[in-house]
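These notes concern the structure reproduced below.
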Amino acid sequence: MAKEINIPNALSAMRILTIPVISLLILHSNARNYPILIAVFFFSILLDFFDGYLARKLAQETELGKILDPIADKLMVLFIILALMIKSDFPLWLGIAIILRDFLILLASLIMSKKGKKIRPSILIGKITFAALSVLVLAFIVDLSPSLSIPLVKRYIIVLSVGFLGWSWIEYYALYKKEKNAEQT
C-alpha cells in the first residue's frame, strides 16, 4: 500500500478535491468570483497533466493511479457538466451523451475487473476526448463571464467534441468486445 501513496496519486486526489469548488463557482458565477473559477479550473487541469507526467517520469504508475486518474476525470466531467447545464446553455443532450459514455466505461471496467482482468490505463482516444471535453467545458466557463460571449466558438467546439465522443464510444466498445472475446477463448 505504501507504494500506492505517491506524488502522482496525491495530485489525482487533490484534483478530486477541486471538483466541488469548481462546480460551486460555476453555479454561483459572477464578475467577482469569475477569476477564481478560471484559476481553480486551470489549476485542476495542471494537476491532471502533472499526475500522469510524473507517474511516467518517476516510474510511479500504480494500480491505484490507474483507477484514481480516470475516476477523477469522470467525476470532474460529471459534476462540471451538471453545473454548466444548470447555469448555462450547455446542451442537455450532449451532457447526457457524455455522462452516459463515462458511466458505460466505468461499468465495463468494473465488469472486467470482477472477472480478474487487469485495469488498463486510458486509451489514447479517451485522453484526446477528455482534452476535447476540457476545451468544451472551458468554452462554456469562459462564456459565463459577464463581459464575454462566444456562441460560435462554443458551437464549433461542440461539433468537435461530439466527433471525438463518438470515436471514443466506438474504440472503447471495440476494446470491451475484444477483452470479452479473449476471455471466452
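Chain labels run A, B, ... following the order of the C-alpha cells; each chain numbers its residues from 1, and ligands are numbered from 1 in the order shown.
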For the interface of region 77-132 of chain A with region 33-48 of chain A (cut-off 12 Å, counting only C-alpha atoms), please tabulate each contacting residue of region 77-132 of chain A alongside its nearest pair of atoms and their separation in Å to one decimal, rows sorted by chain and increasing number, as a tab-separated table.
residue	atom	partner	partner_atom	distance
A:Val77	CA	A:Ile45	CA	11.7
A:Ile80	CA	A:Phe41	CA	10.0
A:Lys127	CA	A:Asp48	CA	11.0
A:Phe130	CA	A:Asp48	CA	10.7
A:Ala131	CA	A:Ile45	CA	9.5
Write the residues of the selection above to a file with C-alpha atoms, as a compact mmCIF listing (two decimals), in the first residue's frame.
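Contents of the output file again-v6.txt:
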# COMPACT_ATOMS: atom_id res chain seq x y z
CA VAL A 77 -16.73 15.88 -16.24
CA ILE A 80 -18.89 20.35 -14.02
CA LYS A 127 -7.32 11.01 -23.46
CA PHE A 130 -11.07 14.17 -22.36
CA ALA A 131 -8.90 17.01 -23.71
Long-range neighbours of region 2-13 of chain A as a PyMOL selection string, 7 Å cut-off, only C-alpha atoms, 4 positions minimum in chain: chain A and resi 17+47-48+51-52+54-55+62+64-65+68-69+72
For a quick check of understanding, using only C-alpha atoms, which of A:Lys87, A:Val137, A:Arg155, A:Leu110 has the smallest distance to Asn30 (chain A)?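 Smallest separation from Asn30 (chain A) among the options: A:Lys87.
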Contacts of Tyr156 (chain A) at 12 Å (only C-alpha atoms; same-chain gap of 4+ positions) as a VMD selection string: chain A and resid 132 135 to 136 139 to 140 150 to 152 160 to 163
Please identify all polymer residues within 12 Å of Ser88 (chain A), counting only C-alpha atoms, omitting same-chain residues fewer than 5 positions from it, and present them as a CSV table (one decimal) with N, CA and C atoms, in the first residue's frame.
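Below you can see selection.csv, which holds the result:
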chain,number,residue,atom,x,y,z
A,26,ILE,N,-19.1,27.6,-10.6
A,26,ILE,CA,-19.9,27.7,-11.8
A,26,ILE,C,-21.3,28.1,-11.4
A,27,LEU,N,-21.9,27.4,-10.4
A,27,LEU,CA,-23.3,27.6,-10.1
A,27,LEU,C,-23.5,29.1,-9.5
A,28,HIS,N,-22.5,29.6,-8.9
A,28,HIS,CA,-22.6,31.0,-8.3
A,28,HIS,C,-21.7,32.0,-9.0
A,29,SER,N,-21.5,31.7,-10.3
A,29,SER,CA,-20.5,32.6,-11.0
A,29,SER,C,-21.1,34.0,-11.1
A,80,ILE,N,-19.0,19.1,-13.3
A,80,ILE,CA,-18.9,20.3,-14.0
A,80,ILE,C,-19.9,20.5,-15.1
A,81,ILE,N,-20.2,19.4,-15.8
A,81,ILE,CA,-21.2,19.4,-16.9
A,81,ILE,C,-22.6,19.6,-16.3
A,82,LEU,N,-22.9,18.9,-15.2
A,82,LEU,CA,-24.2,19.2,-14.5
A,82,LEU,C,-24.3,20.6,-14.1
A,83,ALA,N,-23.2,21.2,-13.5
A,83,ALA,CA,-23.3,22.6,-13.1
A,83,ALA,C,-23.5,23.5,-14.3
A,95,GLY,N,-24.8,16.7,-22.7
A,95,GLY,CA,-24.4,16.3,-21.3
A,95,GLY,C,-24.8,14.9,-21.0
A,137,VAL,N,-15.7,22.4,-22.0
A,137,VAL,CA,-16.1,22.9,-20.6
A,137,VAL,C,-15.5,24.3,-20.5
A,139,ALA,N,-14.8,26.5,-22.8
A,139,ALA,CA,-15.5,27.5,-23.6
A,139,ALA,C,-16.8,27.9,-22.9
A,140,PHE,N,-17.5,26.9,-22.2
A,140,PHE,CA,-18.7,27.3,-21.5
A,140,PHE,C,-18.4,28.1,-20.3
A,141,ILE,N,-17.3,27.8,-19.6
A,141,ILE,CA,-16.9,28.6,-18.4
A,141,ILE,C,-16.5,30.0,-18.9
A,142,VAL,N,-15.8,30.1,-19.9
A,142,VAL,CA,-15.4,31.4,-20.4
A,142,VAL,C,-16.7,32.2,-20.8
A,143,ASP,N,-17.6,31.6,-21.3
A,143,ASP,CA,-18.9,32.2,-21.7
A,143,ASP,C,-19.7,32.7,-20.5
A,144,LEU,N,-19.4,32.2,-19.3
A,144,LEU,CA,-20.0,32.6,-18.1
A,144,LEU,C,-19.6,34.0,-17.7
A,145,SER,N,-18.5,34.5,-18.3
A,145,SER,CA,-18.0,35.8,-18.0
A,145,SER,C,-19.1,36.9,-18.4
A,149,SER,N,-18.9,36.8,-24.8
A,149,SER,CA,-19.9,36.0,-25.4
A,149,SER,C,-19.3,35.3,-26.6
A,151,PRO,N,-20.7,32.4,-28.7
A,151,PRO,CA,-21.6,31.3,-29.1
A,151,PRO,C,-21.1,30.6,-30.3
A,154,LYS,N,-18.4,28.2,-29.1
A,154,LYS,CA,-19.0,27.0,-28.4
A,154,LYS,C,-19.6,26.0,-29.4
Two-atom distance - CA of Ile98 (chain A), CA of Tyr176 (chain A) (Å):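 If I compute the distance from CA of Ile98 (chain A) to CA of Tyr176 (chain A), I get 18.0 Å.
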Expected answer as a short mmCIF file (atom, residue, chain, number, x, y, z; two decimals) with N, CA and C atoms, in the first residue's frame: helix (DSSP H, G or I) residues in region 1-181 of chain A:
data_model
loop_
_atom_site.label_atom_id
_atom_site.label_comp_id
_atom_site.auth_asym_id
_atom_site.auth_seq_id
_atom_site.Cartn_x
_atom_site.Cartn_y
_atom_site.Cartn_z
N ALA A 2 2.04 1.20 0.64
CA ALA A 2 2.90 2.38 0.70
C ALA A 2 3.33 2.83 -0.69
N LYS A 3 3.51 1.87 -1.62
CA LYS A 3 3.89 2.22 -2.97
C LYS A 3 2.76 2.95 -3.69
N GLU A 4 1.53 2.74 -3.24
CA GLU A 4 0.37 3.37 -3.87
C GLU A 4 0.27 4.86 -3.51
N ILE A 7 3.40 10.92 -5.18
CA ILE A 7 3.06 12.26 -5.65
C ILE A 7 1.97 12.24 -6.72
N PRO A 8 2.09 11.41 -7.78
CA PRO A 8 1.03 11.42 -8.79
C PRO A 8 -0.36 11.10 -8.23
N ASN A 9 -0.44 10.13 -7.33
CA ASN A 9 -1.74 9.79 -6.74
C ASN A 9 -2.25 10.90 -5.83
N ALA A 10 -1.34 11.57 -5.15
CA ALA A 10 -1.74 12.71 -4.31
C ALA A 10 -2.29 13.84 -5.19
N LEU A 11 -1.67 14.05 -6.36
CA LEU A 11 -2.17 15.08 -7.29
C LEU A 11 -3.57 14.71 -7.81
N SER A 12 -3.78 13.43 -8.09
CA SER A 12 -5.12 12.99 -8.53
C SER A 12 -6.14 13.22 -7.43
N ALA A 13 -5.76 12.94 -6.19
CA ALA A 13 -6.67 13.16 -5.06
C ALA A 13 -6.96 14.66 -4.90
N MET A 14 -5.92 15.49 -5.07
CA MET A 14 -6.14 16.95 -5.00
C MET A 14 -7.09 17.41 -6.09
N ARG A 15 -6.96 16.81 -7.27
CA ARG A 15 -7.84 17.17 -8.38
C ARG A 15 -9.29 16.84 -8.04
N ILE A 16 -9.50 15.72 -7.39
CA ILE A 16 -10.86 15.36 -6.98
C ILE A 16 -11.41 16.40 -6.01
N LEU A 17 -10.55 16.93 -5.15
CA LEU A 17 -10.98 17.95 -4.19
C LEU A 17 -11.33 19.28 -4.85
N THR A 18 -10.80 19.53 -6.05
CA THR A 18 -11.14 20.79 -6.75
C THR A 18 -12.52 20.73 -7.40
N ILE A 19 -13.06 19.53 -7.61
CA ILE A 19 -14.32 19.38 -8.35
C ILE A 19 -15.48 20.12 -7.68
N PRO A 20 -15.73 19.92 -6.37
CA PRO A 20 -16.85 20.67 -5.78
C PRO A 20 -16.61 22.18 -5.79
N VAL A 21 -15.36 22.60 -5.67
CA VAL A 21 -15.05 24.03 -5.68
C VAL A 21 -15.41 24.61 -7.05
N ILE A 22 -14.96 23.94 -8.12
CA ILE A 22 -15.26 24.42 -9.47
C ILE A 22 -16.77 24.42 -9.71
N SER A 23 -17.43 23.35 -9.32
CA SER A 23 -18.89 23.24 -9.53
C SER A 23 -19.64 24.36 -8.82
N LEU A 24 -19.28 24.62 -7.58
CA LEU A 24 -19.94 25.70 -6.83
C LEU A 24 -19.63 27.07 -7.43
N LEU A 25 -18.39 27.26 -7.88
CA LEU A 25 -18.05 28.54 -8.51
C LEU A 25 -18.83 28.73 -9.81
N ILE A 26 -19.07 27.64 -10.55
CA ILE A 26 -19.89 27.74 -11.77
C ILE A 26 -21.31 28.12 -11.40
N LEU A 27 -21.88 27.40 -10.44
CA LEU A 27 -23.28 27.65 -10.06
C LEU A 27 -23.50 29.06 -9.52
N TYR A 34 -15.50 35.10 -10.83
CA TYR A 34 -15.13 34.54 -12.12
C TYR A 34 -13.62 34.29 -12.25
N PRO A 35 -12.75 35.23 -11.87
CA PRO A 35 -11.30 34.96 -11.97
C PRO A 35 -10.88 33.76 -11.10
N ILE A 36 -11.53 33.58 -9.97
CA ILE A 36 -11.21 32.44 -9.10
C ILE A 36 -11.62 31.15 -9.79
N LEU A 37 -12.79 31.15 -10.43
CA LEU A 37 -13.26 29.98 -11.19
C LEU A 37 -12.23 29.60 -12.25
N ILE A 38 -11.79 30.55 -13.03
CA ILE A 38 -10.81 30.28 -14.09
C ILE A 38 -9.51 29.74 -13.48
N ALA A 39 -9.05 30.34 -12.40
CA ALA A 39 -7.79 29.91 -11.77
C ALA A 39 -7.90 28.48 -11.23
N VAL A 40 -8.99 28.17 -10.55
CA VAL A 40 -9.15 26.82 -9.98
C VAL A 40 -9.31 25.79 -11.11
N PHE A 41 -10.03 26.15 -12.16
CA PHE A 41 -10.19 25.24 -13.29
C PHE A 41 -8.83 24.93 -13.92
N PHE A 42 -8.02 25.95 -14.19
CA PHE A 42 -6.70 25.71 -14.79
C PHE A 42 -5.77 24.97 -13.83
N PHE A 43 -5.88 25.24 -12.55
CA PHE A 43 -5.10 24.51 -11.55
C PHE A 43 -5.45 23.02 -11.62
N SER A 44 -6.72 22.71 -11.73
CA SER A 44 -7.16 21.33 -11.83
C SER A 44 -6.64 20.65 -13.10
N ILE A 45 -6.66 21.38 -14.21
CA ILE A 45 -6.14 20.84 -15.47
C ILE A 45 -4.63 20.58 -15.34
N LEU A 46 -3.91 21.49 -14.69
CA LEU A 46 -2.47 21.28 -14.47
C LEU A 46 -2.22 20.05 -13.59
N LEU A 47 -3.05 19.87 -12.57
CA LEU A 47 -2.92 18.68 -11.73
C LEU A 47 -3.09 17.42 -12.57
N ASP A 48 -4.06 17.45 -13.48
CA ASP A 48 -4.29 16.30 -14.35
C ASP A 48 -3.08 16.02 -15.22
N PHE A 49 -2.50 17.06 -15.77
CA PHE A 49 -1.31 16.87 -16.61
C PHE A 49 -0.16 16.30 -15.78
N PHE A 50 0.11 16.91 -14.63
CA PHE A 50 1.27 16.52 -13.85
C PHE A 50 1.11 15.16 -13.17
N ASP A 51 -0.10 14.74 -12.83
CA ASP A 51 -0.20 13.43 -12.20
C ASP A 51 0.23 12.33 -13.19
N GLY A 52 -0.20 12.43 -14.44
CA GLY A 52 0.22 11.44 -15.44
C GLY A 52 1.68 11.58 -15.82
N TYR A 53 2.12 12.81 -16.02
CA TYR A 53 3.51 13.05 -16.41
C TYR A 53 4.47 12.53 -15.34
N LEU A 54 4.20 12.87 -14.08
CA LEU A 54 5.10 12.44 -13.00
C LEU A 54 5.04 10.94 -12.77
N ALA A 55 3.87 10.36 -12.95
CA ALA A 55 3.76 8.91 -12.78
C ALA A 55 4.68 8.19 -13.77
N ARG A 56 4.69 8.67 -15.01
CA ARG A 56 5.55 8.05 -16.02
C ARG A 56 7.02 8.43 -15.79
N LYS A 57 7.29 9.70 -15.55
CA LYS A 57 8.67 10.19 -15.41
C LYS A 57 9.36 9.58 -14.19
N GLU A 63 -1.53 0.67 -9.56
CA GLU A 63 -2.90 0.22 -9.81
C GLU A 63 -3.88 1.26 -9.28
N LEU A 64 -3.58 1.85 -8.11
CA LEU A 64 -4.43 2.90 -7.57
C LEU A 64 -4.50 4.09 -8.52
N GLY A 65 -3.37 4.47 -9.08
CA GLY A 65 -3.33 5.58 -10.03
C GLY A 65 -4.13 5.29 -11.28
N LYS A 66 -4.10 4.03 -11.73
CA LYS A 66 -4.86 3.64 -12.92
C LYS A 66 -6.36 3.73 -12.67
N ILE A 67 -6.75 3.66 -11.41
CA ILE A 67 -8.17 3.80 -11.04
C ILE A 67 -8.49 5.25 -10.72
N LEU A 68 -7.62 5.88 -9.92
CA LEU A 68 -7.87 7.23 -9.42
C LEU A 68 -7.93 8.28 -10.53
N ASP A 69 -7.00 8.22 -11.48
CA ASP A 69 -6.96 9.22 -12.54
C ASP A 69 -8.22 9.21 -13.41
N PRO A 70 -8.65 8.06 -13.93
CA PRO A 70 -9.88 8.09 -14.73
C PRO A 70 -11.12 8.43 -13.92
N ILE A 71 -11.14 8.02 -12.64
CA ILE A 71 -12.29 8.38 -11.81
C ILE A 71 -12.32 9.89 -11.59
N ALA A 72 -11.13 10.49 -11.38
CA ALA A 72 -11.07 11.95 -11.23
C ALA A 72 -11.55 12.62 -12.51
N ASP A 73 -11.13 12.10 -13.67
CA ASP A 73 -11.59 12.66 -14.95
C ASP A 73 -13.11 12.59 -15.05
N LYS A 74 -13.67 11.42 -14.75
CA LYS A 74 -15.10 11.21 -14.93
C LYS A 74 -15.92 12.01 -13.92
N LEU A 75 -15.43 12.10 -12.68
CA LEU A 75 -16.13 12.92 -11.69
C LEU A 75 -16.09 14.39 -12.08
N MET A 76 -14.95 14.83 -12.58
CA MET A 76 -14.82 16.22 -13.00
C MET A 76 -15.81 16.53 -14.11
N VAL A 77 -15.82 15.67 -15.12
CA VAL A 77 -16.73 15.88 -16.24
C VAL A 77 -18.18 15.87 -15.75
N LEU A 78 -18.54 14.88 -14.95
CA LEU A 78 -19.91 14.74 -14.46
C LEU A 78 -20.38 15.99 -13.72
N PHE A 79 -19.65 16.39 -12.70
CA PHE A 79 -20.13 17.50 -11.87
C PHE A 79 -20.04 18.85 -12.56
N ILE A 80 -19.01 19.06 -13.34
CA ILE A 80 -18.89 20.35 -14.02
C ILE A 80 -19.94 20.47 -15.11
N ILE A 81 -20.19 19.39 -15.83
CA ILE A 81 -21.22 19.45 -16.87
C ILE A 81 -22.60 19.63 -16.25
N LEU A 82 -22.86 18.94 -15.16
CA LEU A 82 -24.15 19.16 -14.47
C LEU A 82 -24.30 20.63 -14.05
N ALA A 83 -23.24 21.19 -13.49
CA ALA A 83 -23.28 22.60 -13.09
C ALA A 83 -23.49 23.51 -14.30
N LEU A 84 -22.82 23.21 -15.41
CA LEU A 84 -22.98 24.03 -16.61
C LEU A 84 -24.37 23.88 -17.23
N MET A 85 -24.96 22.68 -17.15
CA MET A 85 -26.32 22.51 -17.66
C MET A 85 -27.31 23.33 -16.83
N ILE A 86 -27.05 23.45 -15.54
CA ILE A 86 -27.92 24.24 -14.66
C ILE A 86 -27.71 25.73 -14.90
N LYS A 87 -26.46 26.15 -14.99
CA LYS A 87 -26.13 27.58 -15.01
C LYS A 87 -26.11 28.20 -16.41
N LEU A 92 -28.45 19.80 -23.05
CA LEU A 92 -28.83 18.65 -22.24
C LEU A 92 -28.47 17.34 -22.95
N TRP A 93 -28.74 17.24 -24.24
CA TRP A 93 -28.47 16.01 -24.99
C TRP A 93 -26.99 15.67 -24.97
N LEU A 94 -26.13 16.69 -25.05
CA LEU A 94 -24.69 16.46 -25.05
C LEU A 94 -24.23 16.05 -23.65
N GLY A 95 -24.77 16.71 -22.65
CA GLY A 95 -24.44 16.34 -21.28
C GLY A 95 -24.80 14.89 -20.99
N ILE A 96 -25.98 14.47 -21.44
CA ILE A 96 -26.41 13.08 -21.23
C ILE A 96 -25.49 12.12 -21.98
N ALA A 97 -25.13 12.45 -23.22
CA ALA A 97 -24.24 11.58 -24.00
C ALA A 97 -22.87 11.43 -23.33
N ILE A 98 -22.34 12.52 -22.82
CA ILE A 98 -21.02 12.48 -22.17
C ILE A 98 -21.09 11.67 -20.88
N ILE A 99 -22.09 11.94 -20.07
CA ILE A 99 -22.23 11.23 -18.80
C ILE A 99 -22.50 9.75 -19.03
N LEU A 100 -23.33 9.42 -20.02
CA LEU A 100 -23.62 8.03 -20.33
C LEU A 100 -22.35 7.30 -20.79
N ARG A 101 -21.56 7.93 -21.63
CA ARG A 101 -20.31 7.33 -22.09
C ARG A 101 -19.40 7.01 -20.91
N ASP A 102 -19.23 7.98 -20.02
CA ASP A 102 -18.35 7.77 -18.87
C ASP A 102 -18.89 6.67 -17.96
N PHE A 103 -20.20 6.65 -17.76
CA PHE A 103 -20.81 5.62 -16.93
C PHE A 103 -20.58 4.24 -17.55
N LEU A 104 -20.76 4.11 -18.85
CA LEU A 104 -20.58 2.82 -19.52
C LEU A 104 -19.11 2.36 -19.48
N ILE A 105 -18.19 3.30 -19.60
CA ILE A 105 -16.77 2.95 -19.50
C ILE A 105 -16.46 2.43 -18.10
N LEU A 106 -16.97 3.12 -17.08
CA LEU A 106 -16.75 2.65 -15.71
C LEU A 106 -17.40 1.29 -15.47
N LEU A 107 -18.61 1.12 -15.98
CA LEU A 107 -19.31 -0.15 -15.83
C LEU A 107 -18.53 -1.29 -16.49
N ALA A 108 -18.06 -1.08 -17.71
CA ALA A 108 -17.28 -2.10 -18.41
C ALA A 108 -15.99 -2.41 -17.64
N SER A 109 -15.35 -1.38 -17.09
CA SER A 109 -14.13 -1.58 -16.30
C SER A 109 -14.43 -2.41 -15.05
N LEU A 110 -15.53 -2.11 -14.40
CA LEU A 110 -15.92 -2.88 -13.22
C LEU A 110 -16.18 -4.34 -13.56
N ILE A 111 -16.90 -4.56 -14.65
CA ILE A 111 -17.20 -5.93 -15.09
C ILE A 111 -15.90 -6.68 -15.35
N MET A 112 -14.99 -6.05 -16.05
CA MET A 112 -13.72 -6.71 -16.37
C MET A 112 -12.88 -6.96 -15.12
N SER A 113 -12.87 -6.00 -14.20
CA SER A 113 -12.05 -6.20 -13.00
C SER A 113 -12.65 -7.29 -12.11
N LYS A 114 -13.95 -7.42 -12.09
CA LYS A 114 -14.58 -8.50 -11.31
C LYS A 114 -14.25 -9.87 -11.90
N LEU A 124 -5.60 6.12 -25.92
CA LEU A 124 -5.26 7.42 -26.49
C LEU A 124 -6.49 8.24 -26.87
N ILE A 125 -7.46 7.62 -27.55
CA ILE A 125 -8.64 8.39 -27.95
C ILE A 125 -9.43 8.85 -26.73
N GLY A 126 -9.37 8.09 -25.64
CA GLY A 126 -10.02 8.51 -24.40
C GLY A 126 -9.37 9.77 -23.86
N LYS A 127 -8.04 9.83 -23.93
CA LYS A 127 -7.32 11.01 -23.46
C LYS A 127 -7.60 12.22 -24.36
N ILE A 128 -7.64 11.97 -25.67
CA ILE A 128 -7.93 13.06 -26.62
C ILE A 128 -9.35 13.57 -26.39
N THR A 129 -10.28 12.64 -26.19
CA THR A 129 -11.67 13.03 -25.94
C THR A 129 -11.77 13.84 -24.65
N PHE A 130 -11.06 13.40 -23.61
CA PHE A 130 -11.07 14.17 -22.36
C PHE A 130 -10.51 15.57 -22.58
N ALA A 131 -9.46 15.68 -23.40
CA ALA A 131 -8.90 17.01 -23.71
C ALA A 131 -9.92 17.85 -24.45
N ALA A 132 -10.61 17.25 -25.43
CA ALA A 132 -11.64 17.99 -26.19
C ALA A 132 -12.77 18.42 -25.26
N LEU A 133 -13.17 17.53 -24.36
CA LEU A 133 -14.24 17.88 -23.41
C LEU A 133 -13.78 18.97 -22.45
N SER A 134 -12.50 18.96 -22.10
CA SER A 134 -11.97 20.02 -21.23
C SER A 134 -12.03 21.37 -21.95
N VAL A 135 -11.71 21.38 -23.24
CA VAL A 135 -11.80 22.62 -24.03
C VAL A 135 -13.26 23.05 -24.13
N LEU A 136 -14.16 22.09 -24.33
CA LEU A 136 -15.60 22.39 -24.38
C LEU A 136 -16.06 23.02 -23.07
N VAL A 137 -15.69 22.40 -21.96
CA VAL A 137 -16.05 22.93 -20.65
C VAL A 137 -15.46 24.32 -20.47
N LEU A 138 -14.20 24.49 -20.86
CA LEU A 138 -13.56 25.80 -20.75
C LEU A 138 -14.32 26.85 -21.56
N ALA A 139 -14.76 26.50 -22.76
CA ALA A 139 -15.52 27.46 -23.58
C ALA A 139 -16.79 27.89 -22.87
N PHE A 140 -17.49 26.95 -22.25
CA PHE A 140 -18.72 27.30 -21.54
C PHE A 140 -18.42 28.08 -20.26
N ILE A 141 -17.28 27.78 -19.62
CA ILE A 141 -16.88 28.55 -18.44
C ILE A 141 -16.52 29.97 -18.86
N VAL A 142 -15.76 30.11 -19.94
CA VAL A 142 -15.40 31.45 -20.44
C VAL A 142 -16.66 32.23 -20.77
N PRO A 151 -20.71 32.42 -28.67
CA PRO A 151 -21.61 31.34 -29.13
C PRO A 151 -21.07 30.56 -30.33
N LEU A 152 -20.40 31.21 -31.27
CA LEU A 152 -19.87 30.48 -32.42
C LEU A 152 -18.73 29.55 -32.04
N VAL A 153 -17.89 30.01 -31.14
CA VAL A 153 -16.79 29.17 -30.66
C VAL A 153 -17.36 27.94 -29.96
N LYS A 154 -18.37 28.15 -29.13
CA LYS A 154 -18.99 27.03 -28.41
C LYS A 154 -19.58 26.02 -29.40
N ARG A 155 -20.25 26.49 -30.44
CA ARG A 155 -20.84 25.57 -31.43
C ARG A 155 -19.76 24.75 -32.13
N TYR A 156 -18.68 25.40 -32.51
CA TYR A 156 -17.58 24.69 -33.17
C TYR A 156 -17.01 23.61 -32.24
N ILE A 157 -16.78 23.96 -31.00
CA ILE A 157 -16.19 23.02 -30.05
C ILE A 157 -17.19 21.90 -29.72
N ILE A 158 -18.48 22.19 -29.73
CA ILE A 158 -19.49 21.14 -29.54
C ILE A 158 -19.36 20.11 -30.66
N VAL A 159 -19.28 20.57 -31.90
CA VAL A 159 -19.17 19.65 -33.05
C VAL A 159 -17.89 18.82 -32.93
N LEU A 160 -16.78 19.46 -32.62
CA LEU A 160 -15.51 18.76 -32.45
C LEU A 160 -15.61 17.72 -31.33
N SER A 161 -16.19 18.11 -30.22
CA SER A 161 -16.32 17.20 -29.07
C SER A 161 -17.22 16.02 -29.39
N VAL A 162 -18.30 16.26 -30.10
CA VAL A 162 -19.21 15.17 -30.48
C VAL A 162 -18.47 14.16 -31.37
N GLY A 163 -17.64 14.66 -32.27
CA GLY A 163 -16.86 13.77 -33.12
C GLY A 163 -15.94 12.87 -32.30
N PHE A 164 -15.18 13.47 -31.39
CA PHE A 164 -14.28 12.68 -30.54
C PHE A 164 -15.06 11.77 -29.60
N LEU A 165 -16.18 12.24 -29.11
CA LEU A 165 -17.03 11.44 -28.23
C LEU A 165 -17.50 10.17 -28.96
N GLY A 166 -17.98 10.34 -30.18
CA GLY A 166 -18.43 9.19 -30.97
C GLY A 166 -17.29 8.22 -31.25
N TRP A 167 -16.15 8.78 -31.62
CA TRP A 167 -14.98 7.95 -31.90
C TRP A 167 -14.58 7.15 -30.66
N SER A 168 -14.58 7.81 -29.51
CA SER A 168 -14.17 7.10 -28.29
C SER A 168 -15.20 6.04 -27.90
N TRP A 169 -16.49 6.30 -28.14
CA TRP A 169 -17.51 5.26 -27.89
C TRP A 169 -17.16 4.01 -28.68
N ILE A 170 -16.86 4.20 -29.95
CA ILE A 170 -16.55 3.07 -30.84
C ILE A 170 -15.30 2.34 -30.37
N GLU A 171 -14.25 3.08 -30.05
CA GLU A 171 -12.99 2.45 -29.63
C GLU A 171 -13.13 1.71 -28.30
N TYR A 172 -13.81 2.32 -27.34
CA TYR A 172 -13.99 1.64 -26.05
C TYR A 172 -14.88 0.41 -26.20
N TYR A 173 -15.89 0.49 -27.04
CA TYR A 173 -16.74 -0.67 -27.26
C TYR A 173 -15.94 -1.80 -27.91
N ALA A 174 -15.12 -1.46 -28.91
CA ALA A 174 -14.28 -2.47 -29.57
C ALA A 174 -13.31 -3.10 -28.58
N LEU A 175 -12.73 -2.30 -27.70
CA LEU A 175 -11.81 -2.81 -26.69
C LEU A 175 -12.54 -3.76 -25.73
N TYR A 176 -13.73 -3.36 -25.32
CA TYR A 176 -14.53 -4.20 -24.41
C TYR A 176 -14.86 -5.53 -25.08
N LYS A 177 -15.30 -5.49 -26.35
CA LYS A 177 -15.63 -6.73 -27.08
C LYS A 177 -14.39 -7.62 -27.23
N LYS A 178 -13.26 -7.01 -27.51
CA LYS A 178 -12.01 -7.77 -27.66
C LYS A 178 -11.66 -8.49 -26.36
N GLU A 179 -11.77 -7.77 -25.25
CA GLU A 179 -11.49 -8.36 -23.94
C GLU A 179 -12.49 -9.48 -23.63
N LYS A 180 -13.73 -9.23 -23.93
CA LYS A 180 -14.79 -10.23 -23.66
C LYS A 180 -14.58 -11.47 -24.50
N ASN A 181 -14.23 -11.29 -25.79
CA ASN A 181 -13.97 -12.44 -26.67
C ASN A 181 -12.72 -13.20 -26.24
#
Would you work out the distance separating CA of Glu183 (chain A) from CA of Gly116 (chain A), expressed in Å to one decimal?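 If I compute the distance from CA of Glu183 (chain A) to CA of Gly116 (chain A), I get 10.2 Å.
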